[in-house]
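Q: Next up is a structure, given as structure tokens.
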Amino acid sequence: MSDKLVIFDTTLRDGEQSPGASMTRDEKLRIARQLERLKVDVIEAGFAASSNGDFEAIKAIANTIKDSTVCSLSRANDRDITLAADALQGASRARIHTFIATSPVHMEKKLRMTPEQVLEQAKQSVRFARNRVADIEFSAEDAYRSEEDFLCRVIEAVINEGATTINVPDTVGYAIPELYGNFIKTLRERVPNSDKAIWSVHCHNDLGMAVANSLAGVKIGGARQIECTINGLGERAGNCSLEEVVMAMRTRRDYFDLDVRVDATQILAASRMVSQTTGFVVQPNKAIVGANAFAHASGIHQDGIMKARDTYEIMRAEDVGWSANKIIMGKLSGRNAFKQRLQELGVQMDSEAEVNLAFAKFKELADRKSEIFDEDILALVSEENIAQSHDQYGFVSLAQHSETGELPQATVVMTIGGHEVTGTANGNGPVDASLKAIEVHVKSGSEMVLYSVNAISGSTESQGEVTVRLQHSGRVVNGVGADPDIVVASAKAYLNALNKLQSQTNRVAAQG
């Protein structure tokens, strides 16, 4: 067995299946660049057959990323595989990840196929994919609830057809660490040609054990690839968290004895970029990347830390990127310093015009806020209107009046299709009034299912980052806005969500 653990990041594919977490091509490309800086081994860039937007995003990532393998998911059929291969044509290293369900409940109720039909389809898909690329990953969807004898037959067959990685997912988060680890071990022992492929684990967090199950799959089962996402992003309760498995491997090298290529100092930057792009806020007590991950409130703990850090800390905050986030920018900072900081944060602009626009917004913010944090810069460049002037709705200005005992009122100036309009409305509070003022002209008919506010940095001068989740006609989208004024941030987030609802992207569901 190899002493190297492959880190397979699926933030841009499985992570994007979180309700409202869909990303634009430019957002995906920005995150992919950060994942390359993070030195993940494989970037699953999307599901090429799901939509034209995903196809174009995968194509852009494949043409840009040079230091990581770029992967596209595909169902086990010729059309999906062809689209995946076409999207990956420009990649320095390409992988097709094809899957089909193997559990009795999935085969009978979802696929409506017999086990023999599934076996034949799996073989044909891997054989067809090998004609396009050399690196083929095969996933048996809902493998953990599959019948062991049948699963062994499928895995042996697809390895014979040329699959180079075998993924055994716990699609519904049902596994228990010891049982899952032994399940992988048993499969590897029973499949005659198991040594011809790398074995992979892909665990969901429905019972809160995705990381534990993945680590058990490696230590007990002998798997040498973990599929994970930044911040554990993913549908339902999420996926295995990249930052947690990487730091577990590094901190307990004495136990796992495996090499991981990931540059851990880039973890925090990746976490913040994903959070601010998708609108999924990282909880303060989240391991590794939460705001309190290295905070000590107990007097006994504080005393110990001051005497010797290793009394209570098993990792150094700077090892995962916390030390890089110092205040270094302000109103006197020039364009070159701003551009350099963007590069250090892993943000690349497509043109000088975009850099100029971002810098203008930075200077505008610096006039209102004396200290600019890295989080502020990431929030600033994440705003849709920097790269997407073609949005249907745009924010211009907002005025609101709120006084105890009186009904708050807001007036919002916005653009619709490039034309400026003004809306005025009353509401239960200034935020409610502002959003109703937007709806005076938009009349979207959407339902708000989430509204949350997060302070980007830790002072009263901090920008507020607002996430708005809207639902309309079965579609769910997240909108994100940031501004020192929470009411303005709310209006920006609402308009951002409305723009996403305007996008008529029809996506095909992938595996769970």
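Residue numbers start at 1 in each chain; chains themselves are named A, B, ... in the order of the structure tokens; ligands are numbered from 1 in the order shown.
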Tell me, as a list of chain:residue names, which residues lie within 8 Å of His472 (chain A), counting only C-alpha atoms; anything in the same chain fewer than 2 positions away does not count.
A: A:Gly445, A:Ser446, A:Glu447, A:Leu470, A:Gly474, A:Arg475, A:Val476, A:Leu501
Q: For the residues in the current selection, export N, CA and C atoms as a PDB file, in the first residue's frame.
A:
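Saved result, selection12.pdb, follows:
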ATOM      1  N   GLY A 445     -42.409  37.133  -6.143  1.00  0.00           N
ATOM      2  CA  GLY A 445     -43.246  36.022  -5.677  1.00  0.00           C
ATOM      3  C   GLY A 445     -42.452  34.947  -4.965  1.00  0.00           C
ATOM      4  N   SER A 446     -41.195  35.246  -4.602  1.00  0.00           N
ATOM      5  CA  SER A 446     -40.357  34.238  -3.946  1.00  0.00           C
ATOM      6  C   SER A 446     -40.599  34.225  -2.442  1.00  0.00           C
ATOM      7  N   GLU A 447     -40.252  33.132  -1.816  1.00  0.00           N
ATOM      8  CA  GLU A 447     -40.388  32.976  -0.362  1.00  0.00           C
ATOM      9  C   GLU A 447     -39.005  32.982   0.271  1.00  0.00           C
ATOM     10  N   LEU A 470     -33.704  32.307  -0.919  1.00  0.00           N
ATOM     11  CA  LEU A 470     -35.033  32.447  -1.507  1.00  0.00           C
ATOM     12  C   LEU A 470     -35.445  31.157  -2.205  1.00  0.00           C
ATOM     13  N   GLY A 474     -39.778  25.765  -6.837  1.00  0.00           N
ATOM     14  CA  GLY A 474     -38.923  24.597  -6.639  1.00  0.00           C
ATOM     15  C   GLY A 474     -37.438  24.888  -6.629  1.00  0.00           C
ATOM     16  N   ARG A 475     -37.039  26.109  -7.003  1.00  0.00           N
ATOM     17  CA  ARG A 475     -35.622  26.471  -7.004  1.00  0.00           C
ATOM     18  C   ARG A 475     -35.267  27.149  -5.693  1.00  0.00           C
ATOM     19  N   VAL A 476     -34.080  26.855  -5.187  1.00  0.00           N
ATOM     20  CA  VAL A 476     -33.581  27.467  -3.962  1.00  0.00           C
ATOM     21  C   VAL A 476     -32.236  28.101  -4.270  1.00  0.00           C
ATOM     22  N   LEU A 501     -32.059  33.728  -9.095  1.00  0.00           N
ATOM     23  CA  LEU A 501     -33.352  33.161  -9.497  1.00  0.00           C
ATOM     24  C   LEU A 501     -33.637  33.434 -10.966  1.00  0.00           C
TER      25      LEU A 501
END
Q: Smallest atom-to-atom distance to Arg93 (chain A): which of A:Gln117, A:Ser139, A:Asn63, A:Thr164, using only C-alpha atoms?
A: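 Looking at the shortest contact to Arg93 (chain A), the residue is A:Asn63.
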Q: Taking only C-alpha atoms into account, which of A:Ala264, A:Val453, A:Val480, A:Cys203 comes nearest Leu498 (chain A)?
A: A:Val480
Q: Show which residues sit within 10 Å of Leu345 (chain A), as a PyMOL selection string. Count only C-alpha atoms, and ignore same-chain residues fewer than 6 positions away.
A: chain A and resi 34+37+266+269-270+273+324-325+339+374-375+377-378
Q: Take the selection from the previous step and output its residues with C-alpha atoms, as an mmCIF file, in the first residue's frame.
A:
data_model
loop_
_atom_site.group_PDB
_atom_site.id
_atom_site.type_symbol
_atom_site.label_atom_id
_atom_site.label_comp_id
_atom_site.auth_asym_id
_atom_site.auth_seq_id
_atom_site.Cartn_x
_atom_site.Cartn_y
_atom_site.Cartn_z
ATOM 1 C CA GLN A 34 -7.447 28.412 -4.241
ATOM 2 C CA ARG A 37 -2.841 26.715 -3.979
ATOM 3 C CA GLN A 266 -3.959 27.768 2.785
ATOM 4 C CA ALA A 269 -8.214 31.231 3.043
ATOM 5 C CA ALA A 270 -10.064 28.391 1.285
ATOM 6 C CA MET A 273 -13.598 31.972 0.237
ATOM 7 C CA ALA A 324 -1.677 35.434 7.671
ATOM 8 C CA ASN A 325 -4.792 37.371 8.543
ATOM 9 C CA LYS A 339 -3.271 43.679 -6.295
ATOM 10 C CA ASP A 374 -8.486 39.999 4.541
ATOM 11 C CA GLU A 375 -12.083 38.930 5.127
ATOM 12 C CA ILE A 377 -11.234 41.974 0.697
ATOM 13 C CA LEU A 378 -12.598 38.492 0.038
#
Q: Out of A:Val487, A:Asn454, A:Asp3, A:Gly464, which residue has the shortest atom-to-atom distance to Ala433 (chain A) when counting only C-alpha atoms?
A: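 So, comparing all the options, the nearest one is A:Val487.
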Q: Could you please determine the separation between CA of Glu120 (chain A) and CA of Glu141 (chain A) in Å, to one decimal place?
A: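 Separation between CA of Glu120 (chain A) and CA of Glu141 (chain A): 15.4 Å.
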Q: Which residue is closest to Ala143 (chain A)? Choose from A:Tyr451, A:Phe128, A:Phe362, A:Phe183 and count only C-alpha atoms.
A: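 Of all the options, A:Phe183 lies closest to Ala143 (chain A).
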Q: Excluding same-chain residues fewer than 4 positions from Asp195 (chain A), what lies within 12 Å of it counting only C-alpha atoms, as an MDAnalysis selection string?
A: chainID A and resid 1:2 155:156 159:160 163:166 187:191 199 222:224
Q: Go through region 106-150 of chain A and collect every residue that DSSP, computed from the backbone, puts in alpha helix (DSSP H); the answer should be as a ChimeraX atom specification.
A: /A:115-130,148-150
Q: Using the selection just defined, write its residues with C-alpha atoms as a JSON list (two decimals), in the first residue's frame.
A:
[["chain", "number", "residue", "atom", "x", "y", "z"],
["A", 115, "PRO", "CA", -28.47, -6.37, -10.52],
["A", 116, "GLU", "CA", -27.24, -7.96, -13.76],
["A", 117, "GLN", "CA", -28.23, -4.87, -15.73],
["A", 118, "VAL", "CA", -26.39, -2.66, -13.25],
["A", 119, "LEU", "CA", -23.29, -4.85, -13.47],
["A", 120, "GLU", "CA", -23.28, -4.68, -17.27],
["A", 121, "GLN", "CA", -23.87, -0.92, -17.26],
["A", 122, "ALA", "CA", -20.97, -0.39, -14.84],
["A", 123, "LYS", "CA", -18.60, -2.42, -17.02],
["A", 124, "GLN", "CA", -19.66, -0.66, -20.22],
["A", 125, "SER", "CA", -19.32, 2.81, -18.72],
["A", 126, "VAL", "CA", -15.78, 2.23, -17.45],
["A", 127, "ARG", "CA", -14.78, 0.62, -20.76],
["A", 128, "PHE", "CA", -16.20, 3.58, -22.69],
["A", 129, "ALA", "CA", -14.54, 6.15, -20.38],
["A", 130, "ARG", "CA", -11.14, 4.47, -20.76],
["A", 148, "GLU", "CA", -21.46, -7.57, -0.23],
["A", 149, "ASP", "CA", -21.34, -10.41, -2.77],
["A", 150, "PHE", "CA", -22.83, -8.29, -5.54]]
Q: Extract, using only C-alpha atoms, all DNA, RNA and protein residues at most 10 Å from Ser402 (chain A), discarding same-chain residues fewer than 5 positions from it, and format them as an MDAnalysis selection string.
A: chainID A and resid 407:410 426:430 433
Q: Show me, as a list in words, the residues that have an atom within 10 Å of His106 (chain A) when counting only C-alpha atoms, minus same-chain residues fewer than 6 positions from it.
A: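 Listed by chain and then number, they are Ile100, Arg112, Met113, Glu141, Asp142, Arg145 and Ser146 of chain A.
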Q: Emit the selected residues as a short mmCIF file (atom, residue, chain, number, x, y, z; two decimals), in the first residue's frame, including N, CA and C atoms.
A:
data_model
loop_
_atom_site.label_atom_id
_atom_site.label_comp_id
_atom_site.auth_asym_id
_atom_site.auth_seq_id
_atom_site.Cartn_x
_atom_site.Cartn_y
_atom_site.Cartn_z
N ILE A 100 -22.78 4.43 -10.53
CA ILE A 100 -24.10 3.82 -10.63
C ILE A 100 -24.43 3.19 -9.29
N ARG A 112 -34.69 1.21 -11.30
CA ARG A 112 -35.58 0.20 -11.90
C ARG A 112 -34.78 -0.73 -12.84
N MET A 113 -33.67 -1.22 -12.31
CA MET A 113 -32.79 -2.12 -13.05
C MET A 113 -32.51 -3.35 -12.20
N GLU A 141 -22.66 3.88 -5.96
CA GLU A 141 -23.49 4.73 -5.12
C GLU A 141 -24.25 3.89 -4.09
N ASP A 142 -24.32 4.40 -2.87
CA ASP A 142 -24.95 3.71 -1.74
C ASP A 142 -24.29 2.36 -1.50
N ARG A 145 -24.80 0.26 1.82
CA ARG A 145 -26.03 -0.50 2.01
C ARG A 145 -26.23 -1.55 0.91
N SER A 146 -25.16 -1.83 0.17
CA SER A 146 -25.23 -2.83 -0.89
C SER A 146 -24.93 -4.22 -0.35
#
Q: CA of Met315 (chain A) and CA of Arg252 (chain A), how far apart in Å?
A: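 If I compute the distance from CA of Arg252 (chain A) to CA of Met315 (chain A), I get 10.5 Å.
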